[in-house]
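**Q** File name target22.txt; file contents compact mmCIF, C-alpha atoms; full text below.
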```txt
# COMPACT_ATOMS: atom_id res chain seq x y z
CA MET A 1 -23.82 12.90 6.33
CA PRO A 2 -24.03 9.63 4.31
CA PRO A 3 -21.24 7.11 4.87
CA LYS A 4 -18.30 7.22 2.49
CA THR A 5 -18.20 4.62 -0.24
CA ILE A 6 -14.94 3.00 -1.28
CA GLU A 7 -15.04 5.02 -4.50
CA THR A 8 -15.35 8.25 -2.50
CA GLU A 9 -12.34 7.25 -0.41
CA ALA A 10 -10.40 6.32 -3.55
CA LEU A 11 -11.14 9.71 -5.09
CA GLU A 12 -10.09 11.50 -1.91
CA ARG A 13 -6.81 9.54 -1.92
CA MET A 14 -6.35 10.44 -5.59
CA VAL A 15 -6.85 14.16 -4.91
CA ASP A 16 -4.56 13.93 -1.89
CA SER A 17 -1.87 12.21 -3.96
CA ILE A 18 -2.16 14.91 -6.63
CA GLU A 19 -1.70 17.58 -3.96
CA ARG A 20 1.36 15.77 -2.61
CA VAL A 21 2.84 15.49 -6.09
CA GLU A 22 2.37 19.24 -6.58
CA GLU A 23 4.27 19.85 -3.34
CA ARG A 24 7.23 17.70 -4.45
CA PRO A 25 10.31 19.29 -6.01
CA ALA A 26 10.72 18.76 -9.74
CA GLY A 27 11.70 15.20 -10.60
CA LYS A 28 10.36 13.72 -7.34
CA ALA A 29 7.07 12.29 -8.65
CA ARG A 30 6.37 8.61 -8.12
CA PRO A 31 7.14 6.32 -11.05
CA GLY A 32 3.49 5.30 -11.22
CA ALA A 33 2.45 8.93 -11.58
CA ALA A 34 4.52 9.15 -14.78
CA MET A 35 2.95 6.05 -16.31
CA ALA A 36 1.01 6.38 -19.52
CA VAL A 37 -1.42 3.87 -20.99
CA PRO A 38 -1.14 2.99 -24.69
CA GLY A 39 -4.04 4.42 -26.67
CA GLU A 40 -5.23 1.02 -27.86
CA VAL A 41 -5.65 -0.29 -24.29
CA ARG A 42 -9.32 0.19 -23.37
CA HIS A 43 -9.75 0.93 -19.67
CA LEU A 44 -11.59 3.17 -17.20
CA ASP A 45 -9.95 5.64 -14.86
CA THR A 46 -10.81 5.99 -11.16
CA LEU A 47 -13.42 8.71 -11.78
CA GLN A 48 -15.19 6.63 -14.44
CA LEU A 49 -15.13 3.55 -12.20
CA ALA A 50 -16.64 5.63 -9.40
CA THR A 51 -19.47 6.72 -11.70
CA VAL A 52 -20.15 3.13 -12.80
CA SER A 53 -20.11 1.88 -9.21
CA ALA A 54 -22.60 4.57 -8.20
CA ALA A 55 -24.86 3.50 -11.07
CA PHE A 56 -24.74 -0.13 -9.88
CA ARG A 57 -25.55 0.83 -6.28
CA ASP A 58 -28.45 3.04 -7.32
CA TRP A 59 -29.83 0.33 -9.61
CA ALA A 60 -29.50 -2.41 -6.99
CA GLY A 61 -31.33 -0.38 -4.36
CA LYS A 62 -34.26 0.77 -6.48
CA SER A 63 -36.63 -2.18 -6.54
CA PRO A 64 -39.12 -2.58 -3.65
CA ARG A 65 -39.69 -6.25 -4.58
CA ARG A 66 -37.61 -8.63 -2.50
CA ASP A 67 -36.95 -11.11 -5.32
CA VAL A 68 -35.85 -8.40 -7.76
CA ARG A 69 -33.66 -6.78 -5.12
CA ALA A 70 -31.98 -10.13 -4.42
CA SER A 71 -31.34 -10.63 -8.13
CA ARG A 72 -29.82 -7.18 -8.44
CA LEU A 73 -27.67 -7.64 -5.33
CA ARG A 74 -26.21 -10.80 -6.89
CA VAL A 75 -25.20 -8.79 -9.95
CA LEU A 76 -23.83 -5.98 -7.75
CA LEU A 77 -21.68 -8.45 -5.80
CA THR A 78 -20.38 -9.95 -9.03
CA TYR A 79 -19.50 -6.47 -10.29
CA LEU A 80 -17.73 -5.52 -7.03
CA LEU A 81 -15.58 -8.64 -7.16
CA LEU A 82 -14.71 -8.05 -10.81
CA ARG A 83 -13.87 -4.43 -10.06
CA TRP A 84 -11.64 -5.04 -7.01
CA THR A 85 -9.97 -8.36 -7.82
CA GLY A 86 -9.23 -7.87 -11.50
CA ALA A 87 -10.32 -11.49 -11.96
CA LYS A 88 -11.76 -13.07 -15.08
CA LEU A 89 -15.54 -13.33 -15.26
CA GLY A 90 -15.42 -17.14 -15.14
CA GLU A 91 -13.34 -17.01 -11.94
CA VAL A 92 -15.84 -14.76 -10.17
CA LEU A 93 -18.87 -16.75 -11.33
CA ALA A 94 -17.24 -19.92 -9.97
CA LEU A 95 -16.87 -18.47 -6.46
CA ASP A 96 -18.61 -20.11 -3.53
CA ASP A 97 -19.46 -17.11 -1.34
CA ARG A 98 -19.40 -19.27 1.82
CA ARG A 99 -16.07 -20.95 1.12
CA ASP A 100 -14.09 -18.59 -1.13
CA LEU A 101 -14.86 -15.20 0.46
CA ASP A 102 -13.05 -14.73 3.76
CA LEU A 103 -14.22 -11.24 4.69
CA GLU A 104 -12.66 -11.42 8.13
CA ALA A 105 -9.25 -11.81 6.46
CA GLY A 106 -10.31 -9.52 3.61
CA VAL A 107 -9.50 -11.96 0.79
CA ALA A 108 -11.19 -13.63 -2.14
CA ARG A 109 -9.90 -17.04 -3.20
CA LEU A 110 -9.85 -17.42 -6.96
CA GLY A 111 -8.71 -19.99 -9.46
CA LYS A 112 -9.13 -23.70 -10.07
CA GLU A 113 -11.64 -25.71 -8.08
CA GLY A 114 -13.22 -22.75 -6.39
CA GLY A 115 -9.88 -21.33 -5.26
CA ARG A 116 -8.38 -24.37 -3.52
CA ASN A 117 -5.61 -24.59 -6.12
CA GLY A 118 -5.70 -20.95 -7.14
CA ARG A 119 -4.69 -17.68 -5.53
CA GLU A 120 -5.80 -15.27 -2.82
CA VAL A 121 -6.54 -11.66 -3.70
CA ARG A 122 -6.65 -9.12 -0.89
CA LEU A 123 -9.59 -6.70 -1.01
CA PRO A 124 -9.51 -3.06 0.18
CA GLU A 125 -11.18 -2.65 3.56
CA PRO A 126 -14.03 -0.41 2.29
CA ALA A 127 -14.76 -3.01 -0.44
CA VAL A 128 -14.92 -5.71 2.23
CA ARG A 129 -17.46 -3.62 4.15
CA GLU A 130 -19.63 -3.08 1.06
CA ILE A 131 -19.54 -6.77 0.10
CA ALA A 132 -20.36 -7.80 3.68
CA ASP A 133 -23.28 -5.35 3.77
CA ALA A 134 -24.72 -6.74 0.55
CA LEU A 135 -24.29 -10.34 1.70
CA SER A 136 -26.17 -9.57 4.92
CA ASP A 137 -29.41 -8.99 3.01
CA PRO A 138 -31.81 -11.82 4.04
CA GLY A 139 -33.10 -12.03 0.47
CA LEU A 140 -29.83 -13.70 -0.49
CA ASP A 141 -30.15 -16.51 2.06
CA PRO A 142 -31.66 -19.00 -0.42
CA PHE A 143 -28.71 -18.45 -2.78
CA ARG A 144 -25.85 -18.79 -0.28
CA GLY A 145 -22.96 -20.69 -1.76
CA GLU A 146 -24.16 -19.93 -5.29
CA ILE A 147 -24.75 -16.18 -5.21
CA MET A 148 -22.36 -15.51 -8.08
CA ARG A 149 -23.52 -18.48 -10.18
CA LEU A 150 -25.11 -16.31 -12.85
CA ASP A 151 -25.35 -16.39 -16.63
CA PRO A 152 -22.25 -14.66 -18.13
CA ALA A 153 -24.40 -13.07 -20.85
CA HIS A 154 -26.69 -11.61 -18.17
CA ILE A 155 -23.72 -10.03 -16.38
CA ARG A 156 -22.41 -8.54 -19.61
CA ARG A 157 -25.82 -7.01 -20.40
CA LYS A 158 -25.99 -5.42 -16.94
CA LEU A 159 -22.49 -4.02 -17.38
CA TYR A 160 -23.52 -2.48 -20.71
CA GLU A 161 -26.67 -0.97 -19.15
CA ARG A 162 -24.82 0.57 -16.20
CA ALA A 163 -22.16 1.99 -18.56
CA GLU A 164 -24.86 3.84 -20.50
CA GLU A 165 -26.42 5.09 -17.26
CA ALA A 166 -22.98 6.42 -16.30
CA GLY A 167 -22.75 8.31 -19.59
CA LEU A 168 -20.29 5.90 -21.20
CA PRO A 169 -20.61 3.94 -24.46
CA HIS A 170 -21.97 0.49 -23.60
CA GLU A 171 -18.88 -1.16 -25.09
CA ALA A 172 -16.70 0.78 -22.62
CA LEU A 173 -17.59 -1.63 -19.81
CA ASN A 174 -17.04 -5.37 -19.86
CA PRO A 175 -15.15 -7.86 -17.66
CA SER A 176 -11.93 -7.44 -19.65
CA VAL A 177 -12.05 -3.65 -19.28
CA LEU A 178 -12.53 -4.01 -15.51
CA ARG A 179 -9.58 -6.42 -15.38
CA ARG A 180 -7.29 -4.04 -17.26
CA SER A 181 -8.53 -1.06 -15.26
CA ARG A 182 -7.66 -2.74 -11.94
CA ALA A 183 -4.20 -3.67 -13.22
CA ILE A 184 -3.51 -0.10 -14.34
CA GLU A 185 -4.85 1.26 -11.04
CA LEU A 186 -2.43 -0.96 -9.08
CA LEU A 187 0.52 -0.13 -11.33
CA ARG A 188 -0.14 3.59 -10.92
CA ALA A 189 -0.09 3.02 -7.16
CA ASP A 190 3.49 1.68 -7.59
CA VAL A 191 2.55 -1.94 -6.88
CA PRO A 192 5.41 -4.01 -8.40
CA LEU A 193 4.69 -5.54 -11.79
CA THR A 194 5.14 -9.12 -10.60
CA ILE A 195 2.65 -8.59 -7.74
CA VAL A 196 0.06 -7.18 -10.15
CA GLN A 197 0.69 -10.20 -12.38
CA ALA A 198 0.14 -12.57 -9.44
CA THR A 199 -3.00 -10.71 -8.33
CA LEU A 200 -4.55 -11.00 -11.78
CA GLY A 201 -3.38 -14.59 -12.19
CA GLN A 202 -1.57 -13.81 -15.44
CA SER A 203 0.87 -16.37 -16.78
CA SER A 204 3.42 -13.76 -17.86
CA SER A 205 4.45 -10.32 -16.68
CA ASP A 206 4.63 -9.37 -20.37
CA LEU A 207 0.82 -9.34 -20.41
CA THR A 208 0.75 -6.86 -17.52
CA ALA A 209 3.62 -4.76 -18.90
CA SER A 210 1.74 -4.31 -22.19
CA LEU A 211 -0.80 -2.15 -20.34
CA VAL A 212 1.69 0.63 -19.62
CA GLU A 213 4.36 2.65 -21.31
CA PHE A 214 6.77 5.43 -20.32
CA SER A 215 7.97 8.29 -22.48
CA GLU A 216 11.70 8.99 -22.83
CA ASP A 217 11.37 11.96 -20.45
CA ASP A 218 9.51 9.82 -17.91
CA THR A 219 12.16 7.11 -18.18
CA ARG A 220 14.99 9.60 -17.59
CA ARG A 221 13.17 11.12 -14.63
CA ILE A 222 12.44 7.74 -13.01
CA MET A 223 16.00 6.52 -13.52
CA ALA A 224 17.41 9.75 -12.08
CA ARG A 225 15.26 9.31 -8.98
CA THR A 226 16.27 5.66 -8.64
CA LEU A 227 19.98 6.47 -8.97
CA GLU A 228 19.62 9.30 -6.45
CA ARG A 229 18.02 6.89 -3.98
CA GLU A 230 20.81 4.37 -4.54
CA ALA A 231 23.40 7.09 -3.98
CA ARG A 232 21.79 8.02 -0.68
CA ARG A 233 22.03 4.42 0.47
CA THR A 234 25.78 4.34 -0.11
CA SER A 235 26.50 7.79 1.32
CA SER A 236 26.69 9.02 4.89
CA ALA A 237 23.15 10.23 5.57
CA ARG A 238 22.44 11.96 8.89
CA ASN A 239 20.44 9.89 11.37
CA ALA A 240 19.44 7.38 8.70
CA PHE A 241 20.43 3.78 8.10
CA PHE A 242 19.81 1.75 4.98
CA GLY A 243 19.63 -2.04 4.98
CA LYS A 244 17.23 -4.93 5.27
CA ILE A 245 15.22 -6.68 7.96
CA ALA A 246 17.09 -9.57 9.59
CA ALA A 247 14.36 -10.77 11.96
CA VAL A 248 10.85 -9.98 13.17
CA ARG A 249 9.65 -11.03 16.64
CA LEU A 250 5.88 -10.66 16.93
CA GLY A 251 4.02 -9.83 20.13
CA ASP A 252 0.33 -9.30 20.81
CA ILE A 253 0.31 -5.57 20.01
CA GLN A 254 3.90 -4.67 19.19
CA ALA A 255 6.72 -6.34 17.32
CA GLU A 256 10.50 -6.08 17.57
CA VAL A 257 12.27 -5.66 14.24
CA ASP A 258 15.99 -6.42 13.89
CA MET A 259 17.57 -4.55 10.96
CA ALA A 260 20.98 -5.19 9.39
CA THR A 261 22.47 -2.00 7.91
CA LEU A 262 24.67 -1.69 4.83
CA GLY A 263 27.51 -0.76 7.18
CA GLY A 264 27.22 -4.01 9.14
CA MET A 265 25.41 -2.60 12.18
CA ARG A 266 22.26 -3.86 13.90
CA ILE A 267 19.34 -1.55 14.63
CA ILE A 268 16.41 -2.60 16.82
CA SER A 269 13.00 -1.02 16.27
CA VAL A 270 9.65 -1.55 17.96
CA VAL A 271 6.54 -1.09 15.81
CA THR A 272 2.92 -2.17 16.04
CA THR A 273 1.94 -5.55 14.66
CA ARG A 274 -0.44 -3.72 12.33
CA SER A 275 2.52 -1.82 10.87
CA ILE A 276 4.21 -5.15 10.21
CA GLU A 277 1.24 -6.16 8.08
CA ASP A 278 0.60 -2.77 6.47
CA LEU A 279 4.25 -2.28 5.44
CA GLY A 280 4.78 -5.92 4.54
CA LEU A 281 7.77 -6.19 6.87
CA ARG A 282 9.51 -9.56 6.80
CA PRO A 283 13.11 -10.81 6.78
CA GLY A 284 14.86 -9.54 3.67
CA THR A 285 12.63 -6.47 3.17
CA PRO A 286 14.73 -3.39 2.23
CA VAL A 287 14.09 -0.59 4.73
CA THR A 288 15.32 2.78 5.92
CA ALA A 289 15.60 3.49 9.64
CA GLU A 290 15.43 7.11 10.77
CA ILE A 291 15.93 8.61 14.24
CA LYS A 292 15.09 12.19 15.16
CA ALA A 293 17.97 14.16 16.63
CA PRO A 294 16.24 15.04 19.96
CA LEU A 295 15.87 11.29 20.63
CA VAL A 296 19.60 10.58 20.27
CA ALA A 297 21.73 10.60 23.44
CA LEU A 298 25.51 10.53 23.80
CA VAL A 299 27.82 9.29 26.54
CA LYS A 300 31.59 9.10 26.58
CA SER A 301 32.91 5.60 25.97
CA GLY A 302 33.49 3.75 29.22
CA GLU A 303 30.91 5.73 31.16
CA PRO A 304 27.66 4.07 32.36
CA TYR A 305 24.42 4.30 30.43
CA PRO A 306 20.88 2.93 30.95
CA ALA A 307 20.79 -0.83 30.36
CA SER A 308 17.28 -0.49 28.86
CA ILE A 309 18.58 1.35 25.78
CA GLU A 310 18.41 -1.15 22.91
CA ASN A 311 20.59 0.67 20.38
CA ARG A 312 24.20 1.51 21.39
CA LEU A 313 26.58 2.37 18.55
CA PRO A 314 30.25 3.43 18.84
CA GLY A 315 31.51 6.61 17.23
CA ARG A 316 33.57 9.77 17.67
CA VAL A 317 32.52 13.37 18.13
CA GLU A 318 33.00 15.21 14.85
CA GLU A 319 31.43 18.61 15.46
CA ILE A 320 29.86 20.57 18.32
CA ARG A 321 27.66 23.58 17.67
CA ALA A 322 26.82 25.19 21.00
CA GLY A 323 23.83 27.47 21.39
CA ARG A 324 22.60 29.35 24.40
CA VAL A 325 19.97 26.73 25.21
CA ILE A 326 20.40 23.81 22.77
CA SER A 327 23.59 22.32 21.35
CA GLU A 328 23.96 20.15 18.27
CA VAL A 329 26.54 17.38 18.49
CA THR A 330 27.49 15.32 15.44
CA ALA A 331 29.14 11.95 15.91
CA CYS A 332 30.60 9.83 13.13
CA LEU A 333 29.95 6.10 13.54
CA THR A 334 32.43 3.43 12.50
CA ASP A 335 30.53 2.83 9.24
CA GLY A 336 30.64 6.51 8.31
CA THR A 337 27.05 7.30 9.29
CA ARG A 338 26.68 10.68 10.96
CA MET A 339 24.39 10.87 13.95
CA VAL A 340 23.18 14.25 15.14
CA SER A 341 22.07 14.69 18.74
CA LEU A 342 20.21 17.74 20.05
CA ILE A 343 20.82 18.18 23.78
CA THR A 344 20.66 21.09 26.17
CA THR A 345 23.81 23.17 26.30
CA GLU A 346 23.93 22.52 30.04
CA SER A 347 24.05 18.76 29.35
CA ALA A 348 26.74 19.23 26.70
CA GLU A 349 28.89 21.15 29.16
CA ARG A 350 28.35 18.54 31.85
CA LEU A 351 29.45 15.81 29.43
CA ALA A 352 32.56 17.87 28.61
CA LEU A 353 32.57 16.59 25.04
CA ALA A 354 35.28 17.59 22.61
CA ASN A 355 35.97 16.85 18.97
CA GLY A 356 37.54 13.42 18.61
CA ASP A 357 36.12 11.99 21.84
CA ALA A 358 35.03 8.36 21.64
CA VAL A 359 31.31 8.11 22.44
CA GLN A 360 28.42 5.71 22.53
CA VAL A 361 25.41 6.87 20.50
CA LEU A 362 22.23 5.77 22.26
CA PHE A 363 18.63 5.64 21.15
CA SER A 364 15.58 3.59 22.10
CA ALA A 365 13.97 1.04 19.83
CA PHE A 366 10.79 3.12 20.11
CA ALA A 367 12.64 6.11 18.56
CA VAL A 368 13.37 4.26 15.31
CA VAL A 369 11.01 4.96 12.39
CA LEU A 370 11.08 2.32 9.63
CA LYS A 371 10.26 3.15 6.04
CA VAL A 372 10.01 0.63 3.23
CA ASP A 373 12.28 1.53 0.31
```
Re-express the file's structure as structure tokens.

**A**
Amino acid sequence: MPPKTIETEALERMVDSIERVEERPAGKARPGAAMAVPGEVRHLDTLQLATVSAAFRDWAGKSPRRDVRASRLRVLLTYLLLRWTGAKLGEVLALDDRRDLDLEAGVARLGKEGGRNGREVRLPEPAVREIADALSDPGLDPFRGEIMRLDPAHIRRKLYERAEEAGLPHEALNPSVLRRSRAIELLRADVPLTIVQATLGQSSSDLTASLVEFSEDDTRRIMARTLEREARRTSSARNAFFGKIAAVRLGDIQAEVDMATLGGMRIISVVTTRSIEDLGLRPGTPVTAEIKAPLVALVKSGEPYPASIENRLPGRVEEIRAGRVISEVTACLTDGTRMVSLITTESAERLALANGDAVQVLFSAFAVVLKVD
């Protein structure tokens, strides 16, 4: 089986996201899924971009001559950077591939003076692999440092040619279309408007906002979802805390995250350092902490408990539902949060819990699941 391209992976994610939207109750779709693009905004969707990318790859790999292949790889690399950074053509052509492409970090440095006074744009991992593979071709060795230093008119002609090969009008593909297409792609993935603006290096968010519009029905639906989420944060959710990150202590593999809840409590969670990066966790980030009921333990106040338990919260027993094997005990914390614990009925009887008893609610930092709001 041939290796997946980044476009294949993007299409799979798109299909997967469509399936997940179909599984959601009415009104639960992501805001980006409701976004429409004004008719006058020329852009390509993910499927069209995939077709164009396939045309570029096929064209670049056709020639048996080393010099022609090197020339085509230079154009392919320029296209890939235009497609995945949303940068202007002049910014990409000014790149020094040795200095401004940090493939180990997965970023392209764009802007004034070859990126030194500009911005960094993070590239998707599959795009990094494809760019690295193209750069490894020995035919490009004589051009290192100036691989993207090509004639703008030549790049535009090659874009027109590949558009026609992909079954599109030649005017459907140019650097500006690729720039708008990347912006719309990011907005539909719910990337905040200001971050898309910064990624594209636009001077005003108005320029980015002009690419999208929402109907009145979409606006009502999105606002209803937002208000519902806000209501959940101020209500007593079971086994869930809403707040923001107060501190992050990084280790080699794992990190300890200190969260301050809306109710004034502190929750400690342990996650991988990769999760810190993937979720963008840093002090001030709004998060939700969830703990599964089987991982919550209870002890009566004043009784001993394991010193290794990081999270110990005071509360009172509110309800006990005893089963033959498993019992469900609900405790109300001082901030109104309700914590449900599932324990064996034998353990519940041994604890001799009763409604109104003061208890300590215990759970490990490893039991806490963080979600970015």

**Q** Using all atoms listed in the file, I'd like a table of the residues in range 161-204 of chain A that come within 10 Å of range 144-155 of chain A; for each, show the closest atom pair and its distance in Å rounded to one decimal, ordered by chain and ascending number, as a tab-separated table.

**A**
```
residue	atom	partner	partner_atom	distance
A:Glu161	CA	A:Ile155	CA	9.9
A:Asn174	CA	A:Ile155	CA	8.9
A:Pro175	CA	A:Ile155	CA	8.9
```

**Q** Write out as a ChimeraX atom specification each polymer residue whose atoms come within 6 Å of Arg338 in chain A, counting only C-alpha atoms; drop sequence neighbours fewer than 4 positions from it.

**A** /A:238,331-332

**Q** Do a neighbour search on range 133-136 of chain A at 9 Å with all atoms listed in the file, toss out local chain neighbours closer than 5 positions, and write the hits as an NGL selection string.

**A** :A and (73-74 or 76-77 or 97 or 128 or 141 or 144)

**Q** From the set A:Gln197, A:Thr337, A:Ser364, A:Thr261, which residue has the shortest atom-to-atom contact distance to Glu310 in chain A, counting all atoms listed in the file?

**A**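 Checking each candidate against Glu310 in chain A, we get A:Ser364 as the closest.
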
**Q** Report, in Å with one decimal, the straight-line distance from CA of Lys244 in chain A to CA of Pro283 in chain A.

**A** 7.3 Å

**Q** What does the distance between CA of Val372 in chain A and CA of Val287 in chain A come to in Å, to one decimal place?

**A**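 Taking CA of Val372 in chain A and CA of Val287 in chain A, their separation equals 4.5 Å.
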
**Q** Ranking A:Ala365, A:Val52, A:Leu351, A:Gln360 by minimum distance to Gln254 in chain A and counting only C-alpha atoms, which one comes first?

**A**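 Ranked by minimum distance to Gln254 in chain A, first place goes to A:Ala365.
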
**Q** With all atoms listed in the file as the basis for distance, which of A:Leu49, A:Leu168, A:Leu103, A:Leu159 is at the shortest distance from Arg72 in chain A?

**A**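 Once distances to Arg72 in chain A are computed over all atoms listed in the file, the minimum belongs to A:Leu159.
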
**Q** What is the distance, in Å and to one decimal place, between CA of Thr194 in chain A and CA of Glu104 in chain A?

**A**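 Taking CA of Thr194 in chain A as the start and CA of Glu104 in chain A as the end point, the length is 25.9 Å.
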
**Q** So that I can check the surroundings of Lys300 in chain A, please list as a PyMOL selection string every protein, DNA and RNA residue that reaches within 12 Å of it, counting all atoms listed in the file and ignoring chain neighbours fewer than 6 positions away.

**A** chain A and resi 312-317+331+348+350-362
